[in-house]
Amino acid sequence: MADCDGDVLTQLSHDRSGLWRCGALSLGMVLLVLMLSACSARQLLVQGVANELAAQGQAPEDDLQLAREASAFYLKLSESVLREAPGNLLLAEAVAAGFTQYAYAFVAADADRTDATDARAAHALRQRAARLYARAHRHAMAALEQRQPGFRKALEARDADAWPRLADDMVPLAYWASASWGGWISLSKDDPDLVADLPLAIRLATLAHQRRPDHGDGALASLMGTYETVRPGGSVSRALTYFDQGLALGGGRNAGAFVAKAEGVALPAGDRAGFEQLLRQALAASDARRDLQNEAMRARALWLLDSLDDLF
């Protein structure tokens with residue numbers, strides 16, 4: 001660096017190569033600044049697009065068919081942008097939510113409706129739904145890991161004191177990470193290693209529920225209720241507590257809470273009257289609040305009502 005300091009003119013008169021070195025260094029510095037500026041501008045652009053896509057994912061939509069037709073392009077585009085902005089928690093949440101909801105509302109639902117007429121096609125659809133759930137789970141967990149390095153390892157710790165500590169902005173991601181995990185496990189009963197992860201999925205939902213039990217207008221509480229009905233040694237009374245909490249938090253406007261209680265408690269108990277009542281309450285809830293989640297649950301409630309004679 002001495003070549004370009006104070007006595008540079010005297011030095012250059014004795015060493016003509018010094019001019020080249022100074023020029024090269026100056027040009028290199030200019031190029032570096034330009035490159036850094038370009039990178040900074042590109043990152044600003046990527047973050048702006050990421051924020052817009054995240055907002056679009058939260059935009060209200062009550063046309064289920066239109067949402068289905070638009071979802072593939074939106075999810076692929078959002079997934080590509082997320083790779084460029086892995087620290088954008090809002091986009092990660094939108095992508096994880098999008099893949100989870102697509103798997104549940106469209107692919108797995110198609111499998112249920114196809115079962116009676118084409119078991120092989122239904123099996124293929126469930127395999128696809130499992131892959132979509134897995135994709136959602138990977139995106140959500142990657143974002144949680146980005147936010148809190150060592151997250152998965154901490155979640156696996158035996159000592160509760162070592163478990164992750166969720167900040168408020170991590171709860172939505174934790175919810176979708178757990179929900180997609182549960183969906184993936186439910187469709188992968190022939191994979192013992194994956195099934196063995198069920199306690200971790202429940203632990204993640206529990207940590208989120210402890211932090212923000214009201215998340216999702218009762219959706220998180222309903223997820224806890226569902227987990228309570230499927231985990232080994234689960235308690236029906238505890239599940240009912242969670243489901244009722246979800247219904248209360250939703251204020252009667254969350255159709256999913258009614259459907260979850262119907263399938264989680266009334267159906268296993270053989271309570272046809274209670275099952276039907278809860279599903280009709282889900283329909284009323286979807287009428288009271290027309291959004292995509294309620295429309296998806298409305299479609300499921302209608303299918304379940306049409307299937308009453310097969311279920312009971």
# chains A, B, ... in the order shown; residues from 1 in each chain; ligands from 1
>>> residues_around(residues="Ala96 in chain A", least_positions_apart="5", cutoff="12 Å", atoms="only C-alpha atoms", output="ChimeraX atom specification")
/A:54,57,75-76,78-79,82,89-91,101-103,132-144,172-181
>>> select_by_dssp(residues="range 51-247 of chain A", states="helix (DSSP H, G or I)", output="ChimeraX atom specification")
/A:51-58,64-84,89-114,119-147,151-155,160-162,168-186,192-195,198-211,215-230,236-247
>>> residues_around(residues="range 300-311 of chain A", least_positions_apart="5", cutoff="10 Å", atoms="only C-alpha atoms", output="list in words")
Tyr104, Ala105, Ala109, Asp112, Arg113, Ala255, Gly256, Phe258, Val259, Ala262, Glu263, Leu267, Pro268, Gly270, Arg272, Phe275, Glu276, Gln277, Leu278, Leu279, Arg280, Gln281, Ala282, Leu283, Asn294 and Glu295 of chain A
>>> write_last_selection(atoms="N, CA and C atoms", output="mmCIF file, in the first residue's frame")
data_model
loop_
_atom_site.group_PDB
_atom_site.id
_atom_site.type_symbol
_atom_site.label_atom_id
_atom_site.label_comp_id
_atom_site.auth_asym_id
_atom_site.auth_seq_id
_atom_site.Cartn_x
_atom_site.Cartn_y
_atom_site.Cartn_z
ATOM 1 N N TYR A 104 -53.302 -30.481 1.665
ATOM 2 C CA TYR A 104 -54.486 -30.878 2.428
ATOM 3 C C TYR A 104 -55.780 -30.655 1.643
ATOM 4 N N ALA A 105 -55.959 -29.426 1.164
ATOM 5 C CA ALA A 105 -57.247 -29.038 0.584
ATOM 6 C C ALA A 105 -57.484 -29.602 -0.806
ATOM 7 N N ALA A 109 -57.427 -34.269 -0.288
ATOM 8 C CA ALA A 109 -58.890 -34.276 -0.410
ATOM 9 C C ALA A 109 -59.326 -35.045 -1.652
ATOM 10 N N ASP A 112 -59.154 -38.719 -0.891
ATOM 11 C CA ASP A 112 -60.299 -39.201 -0.111
ATOM 12 C C ASP A 112 -61.513 -39.429 -1.006
ATOM 13 N N ARG A 113 -61.735 -38.528 -1.932
ATOM 14 C CA ARG A 113 -62.911 -38.639 -2.807
ATOM 15 C C ARG A 113 -62.744 -39.738 -3.853
ATOM 16 N N ALA A 255 -64.027 -22.414 10.640
ATOM 17 C CA ALA A 255 -64.646 -23.679 10.264
ATOM 18 C C ALA A 255 -63.745 -24.862 10.579
ATOM 19 N N GLY A 256 -62.438 -24.650 10.474
ATOM 20 C CA GLY A 256 -61.501 -25.735 10.721
ATOM 21 C C GLY A 256 -61.576 -26.283 12.128
ATOM 22 N N PHE A 258 -64.231 -26.599 14.006
ATOM 23 C CA PHE A 258 -65.387 -27.502 14.097
ATOM 24 C C PHE A 258 -65.090 -28.836 13.406
ATOM 25 N N VAL A 259 -64.470 -28.766 12.233
ATOM 26 C CA VAL A 259 -64.147 -29.994 11.499
ATOM 27 C C VAL A 259 -63.135 -30.829 12.275
ATOM 28 N N ALA A 262 -64.877 -32.568 15.060
ATOM 29 C CA ALA A 262 -65.748 -33.616 14.530
ATOM 30 C C ALA A 262 -64.945 -34.871 14.196
ATOM 31 N N GLU A 263 -63.829 -34.677 13.485
ATOM 32 C CA GLU A 263 -63.025 -35.832 13.063
ATOM 33 C C GLU A 263 -62.170 -36.387 14.200
ATOM 34 N N LEU A 267 -66.141 -38.571 15.577
ATOM 35 C CA LEU A 267 -66.042 -39.724 14.674
ATOM 36 C C LEU A 267 -65.484 -40.967 15.376
ATOM 37 N N PRO A 268 -64.338 -40.864 16.082
ATOM 38 C CA PRO A 268 -63.840 -42.056 16.777
ATOM 39 C C PRO A 268 -64.805 -42.576 17.838
ATOM 40 N N GLY A 270 -67.974 -42.636 17.574
ATOM 41 C CA GLY A 270 -69.188 -43.138 16.948
ATOM 42 C C GLY A 270 -70.395 -42.263 17.194
ATOM 43 N N ARG A 272 -72.612 -40.022 15.829
ATOM 44 C CA ARG A 272 -73.059 -39.508 14.530
ATOM 45 C C ARG A 272 -73.764 -38.165 14.669
ATOM 46 N N PHE A 275 -71.241 -35.495 15.430
ATOM 47 C CA PHE A 275 -70.406 -35.311 14.238
ATOM 48 C C PHE A 275 -71.132 -34.423 13.236
ATOM 49 N N GLU A 276 -72.379 -34.743 12.963
ATOM 50 C CA GLU A 276 -73.154 -33.979 11.995
ATOM 51 C C GLU A 276 -73.376 -32.540 12.476
ATOM 52 N N GLN A 277 -73.644 -32.377 13.753
ATOM 53 C CA GLN A 277 -73.859 -31.033 14.287
ATOM 54 C C GLN A 277 -72.609 -30.162 14.126
ATOM 55 N N LEU A 278 -71.455 -30.729 14.445
ATOM 56 C CA LEU A 278 -70.205 -29.970 14.322
ATOM 57 C C LEU A 278 -69.934 -29.588 12.870
ATOM 58 N N LEU A 279 -70.216 -30.481 11.947
ATOM 59 C CA LEU A 279 -69.992 -30.176 10.530
ATOM 60 C C LEU A 279 -70.940 -29.076 10.045
ATOM 61 N N ARG A 280 -72.155 -29.083 10.528
ATOM 62 C CA ARG A 280 -73.092 -28.019 10.132
ATOM 63 C C ARG A 280 -72.685 -26.684 10.752
ATOM 64 N N GLN A 281 -72.094 -26.737 11.925
ATOM 65 C CA GLN A 281 -71.541 -25.517 12.514
ATOM 66 C C GLN A 281 -70.345 -25.017 11.690
ATOM 67 N N ALA A 282 -69.583 -25.946 11.133
ATOM 68 C CA ALA A 282 -68.469 -25.556 10.254
ATOM 69 C C ALA A 282 -69.002 -24.833 9.015
ATOM 70 N N LEU A 283 -70.105 -25.311 8.473
ATOM 71 C CA LEU A 283 -70.705 -24.655 7.309
ATOM 72 C C LEU A 283 -71.175 -23.244 7.667
ATOM 73 N N ASN A 294 -61.508 -21.222 5.285
ATOM 74 C CA ASN A 294 -62.876 -21.628 5.580
ATOM 75 C C ASN A 294 -63.539 -22.313 4.384
ATOM 76 N N GLU A 295 -63.203 -21.851 3.176
ATOM 77 C CA GLU A 295 -63.769 -22.491 1.985
ATOM 78 C C GLU A 295 -63.260 -23.924 1.848
#
>>> atom_distance(atom1="CA of Leu125 in chain A", atom2="CA of Ala221 in chain A")
28.2 Å
>>> residues_around(residues="Thr229 in chain A", least_positions_apart="5", cutoff="7 Å", atoms="only C-alpha atoms", output="ChimeraX atom specification")
/A:234-236,239,264
>>> write_last_selection(atoms="N, CA and C atoms", output="JSON list (two decimals), in the first residue's frame")
[["chain", "number", "residue", "atom", "x", "y", "z"],
["A", 234, "GLY", "N", -52.74, -40.59, 24.47],
["A", 234, "GLY", "CA", -53.43, -39.30, 24.44],
["A", 234, "GLY", "C", -54.72, -39.32, 25.26],
["A", 235, "SER", "N", -55.12, -38.16, 25.71],
["A", 235, "SER", "CA", -56.31, -38.02, 26.56],
["A", 235, "SER", "C", -57.45, -37.36, 25.79],
["A", 236, "VAL", "N", -58.59, -38.02, 25.74],
["A", 236, "VAL", "CA", -59.76, -37.44, 25.07],
["A", 236, "VAL", "C", -60.20, -36.17, 25.77],
["A", 239, "ALA", "N", -57.90, -33.47, 24.82],
["A", 239, "ALA", "CA", -58.17, -33.09, 23.43],
["A", 239, "ALA", "C", -59.39, -32.18, 23.36],
["A", 264, "GLY", "N", -61.78, -35.52, 15.13],
["A", 264, "GLY", "CA", -60.89, -35.95, 16.20],
["A", 264, "GLY", "C", -61.59, -36.61, 17.37]]
>>> decode(residues="range 124-170 of chain A", atoms="C-alpha atoms", output="PDB file, in the first residue's frame")
ATOM      1  CA  ALA A 124     -50.777 -42.119  -5.745  1.00  0.00           C
ATOM      2  CA  LEU A 125     -52.461 -38.901  -4.670  1.00  0.00           C
ATOM      3  CA  ARG A 126     -51.625 -39.566  -1.033  1.00  0.00           C
ATOM      4  CA  GLN A 127     -48.003 -40.159  -1.943  1.00  0.00           C
ATOM      5  CA  ARG A 128     -47.978 -36.819  -3.743  1.00  0.00           C
ATOM      6  CA  ALA A 129     -49.625 -35.095  -0.783  1.00  0.00           C
ATOM      7  CA  ALA A 130     -46.956 -36.579   1.503  1.00  0.00           C
ATOM      8  CA  ARG A 131     -44.223 -35.132  -0.711  1.00  0.00           C
ATOM      9  CA  LEU A 132     -45.884 -31.720  -0.638  1.00  0.00           C
ATOM     10  CA  TYR A 133     -46.176 -31.847   3.150  1.00  0.00           C
ATOM     11  CA  ALA A 134     -42.494 -32.766   3.315  1.00  0.00           C
ATOM     12  CA  ARG A 135     -41.640 -29.820   1.088  1.00  0.00           C
ATOM     13  CA  ALA A 136     -43.592 -27.450   3.312  1.00  0.00           C
ATOM     14  CA  HIS A 137     -41.901 -28.867   6.381  1.00  0.00           C
ATOM     15  CA  ARG A 138     -38.408 -28.452   4.934  1.00  0.00           C
ATOM     16  CA  HIS A 139     -39.039 -24.805   4.073  1.00  0.00           C
ATOM     17  CA  ALA A 140     -40.435 -24.015   7.513  1.00  0.00           C
ATOM     18  CA  MET A 141     -37.646 -25.811   9.367  1.00  0.00           C
ATOM     19  CA  ALA A 142     -34.965 -24.216   7.187  1.00  0.00           C
ATOM     20  CA  ALA A 143     -36.339 -20.782   8.059  1.00  0.00           C
ATOM     21  CA  LEU A 144     -36.448 -21.640  11.767  1.00  0.00           C
ATOM     22  CA  GLU A 145     -32.866 -22.879  11.514  1.00  0.00           C
ATOM     23  CA  GLN A 146     -31.882 -19.656   9.741  1.00  0.00           C
ATOM     24  CA  ARG A 147     -33.538 -17.641  12.496  1.00  0.00           C
ATOM     25  CA  GLN A 148     -32.077 -19.744  15.298  1.00  0.00           C
ATOM     26  CA  PRO A 149     -29.067 -21.901  14.289  1.00  0.00           C
ATOM     27  CA  GLY A 150     -29.184 -25.340  15.877  1.00  0.00           C
ATOM     28  CA  PHE A 151     -32.993 -25.294  16.087  1.00  0.00           C
ATOM     29  CA  ARG A 152     -33.586 -28.914  15.028  1.00  0.00           C
ATOM     30  CA  LYS A 153     -30.847 -30.235  17.316  1.00  0.00           C
ATOM     31  CA  ALA A 154     -32.287 -28.290  20.242  1.00  0.00           C
ATOM     32  CA  LEU A 155     -35.759 -29.626  19.462  1.00  0.00           C
ATOM     33  CA  GLU A 156     -34.409 -33.175  19.697  1.00  0.00           C
ATOM     34  CA  ALA A 157     -32.757 -32.607  23.085  1.00  0.00           C
ATOM     35  CA  ARG A 158     -33.926 -34.812  25.944  1.00  0.00           C
ATOM     36  CA  ASP A 159     -33.547 -32.008  28.455  1.00  0.00           C
ATOM     37  CA  ALA A 160     -36.478 -29.593  28.259  1.00  0.00           C
ATOM     38  CA  ASP A 161     -34.177 -26.756  29.286  1.00  0.00           C
ATOM     39  CA  ALA A 162     -32.335 -27.192  25.982  1.00  0.00           C
ATOM     40  CA  TRP A 163     -35.447 -26.992  23.795  1.00  0.00           C
ATOM     41  CA  PRO A 164     -35.755 -23.981  21.452  1.00  0.00           C
ATOM     42  CA  ARG A 165     -37.139 -20.716  22.759  1.00  0.00           C
ATOM     43  CA  LEU A 166     -39.624 -19.319  20.261  1.00  0.00           C
ATOM     44  CA  ALA A 167     -39.931 -15.597  19.687  1.00  0.00           C
ATOM     45  CA  ASP A 168     -43.350 -14.305  18.656  1.00  0.00           C
ATOM     46  CA  ASP A 169     -42.354 -14.011  14.993  1.00  0.00           C
ATOM     47  CA  MET A 170     -41.308 -17.685  14.963  1.00  0.00           C
TER      48      MET A 170
END
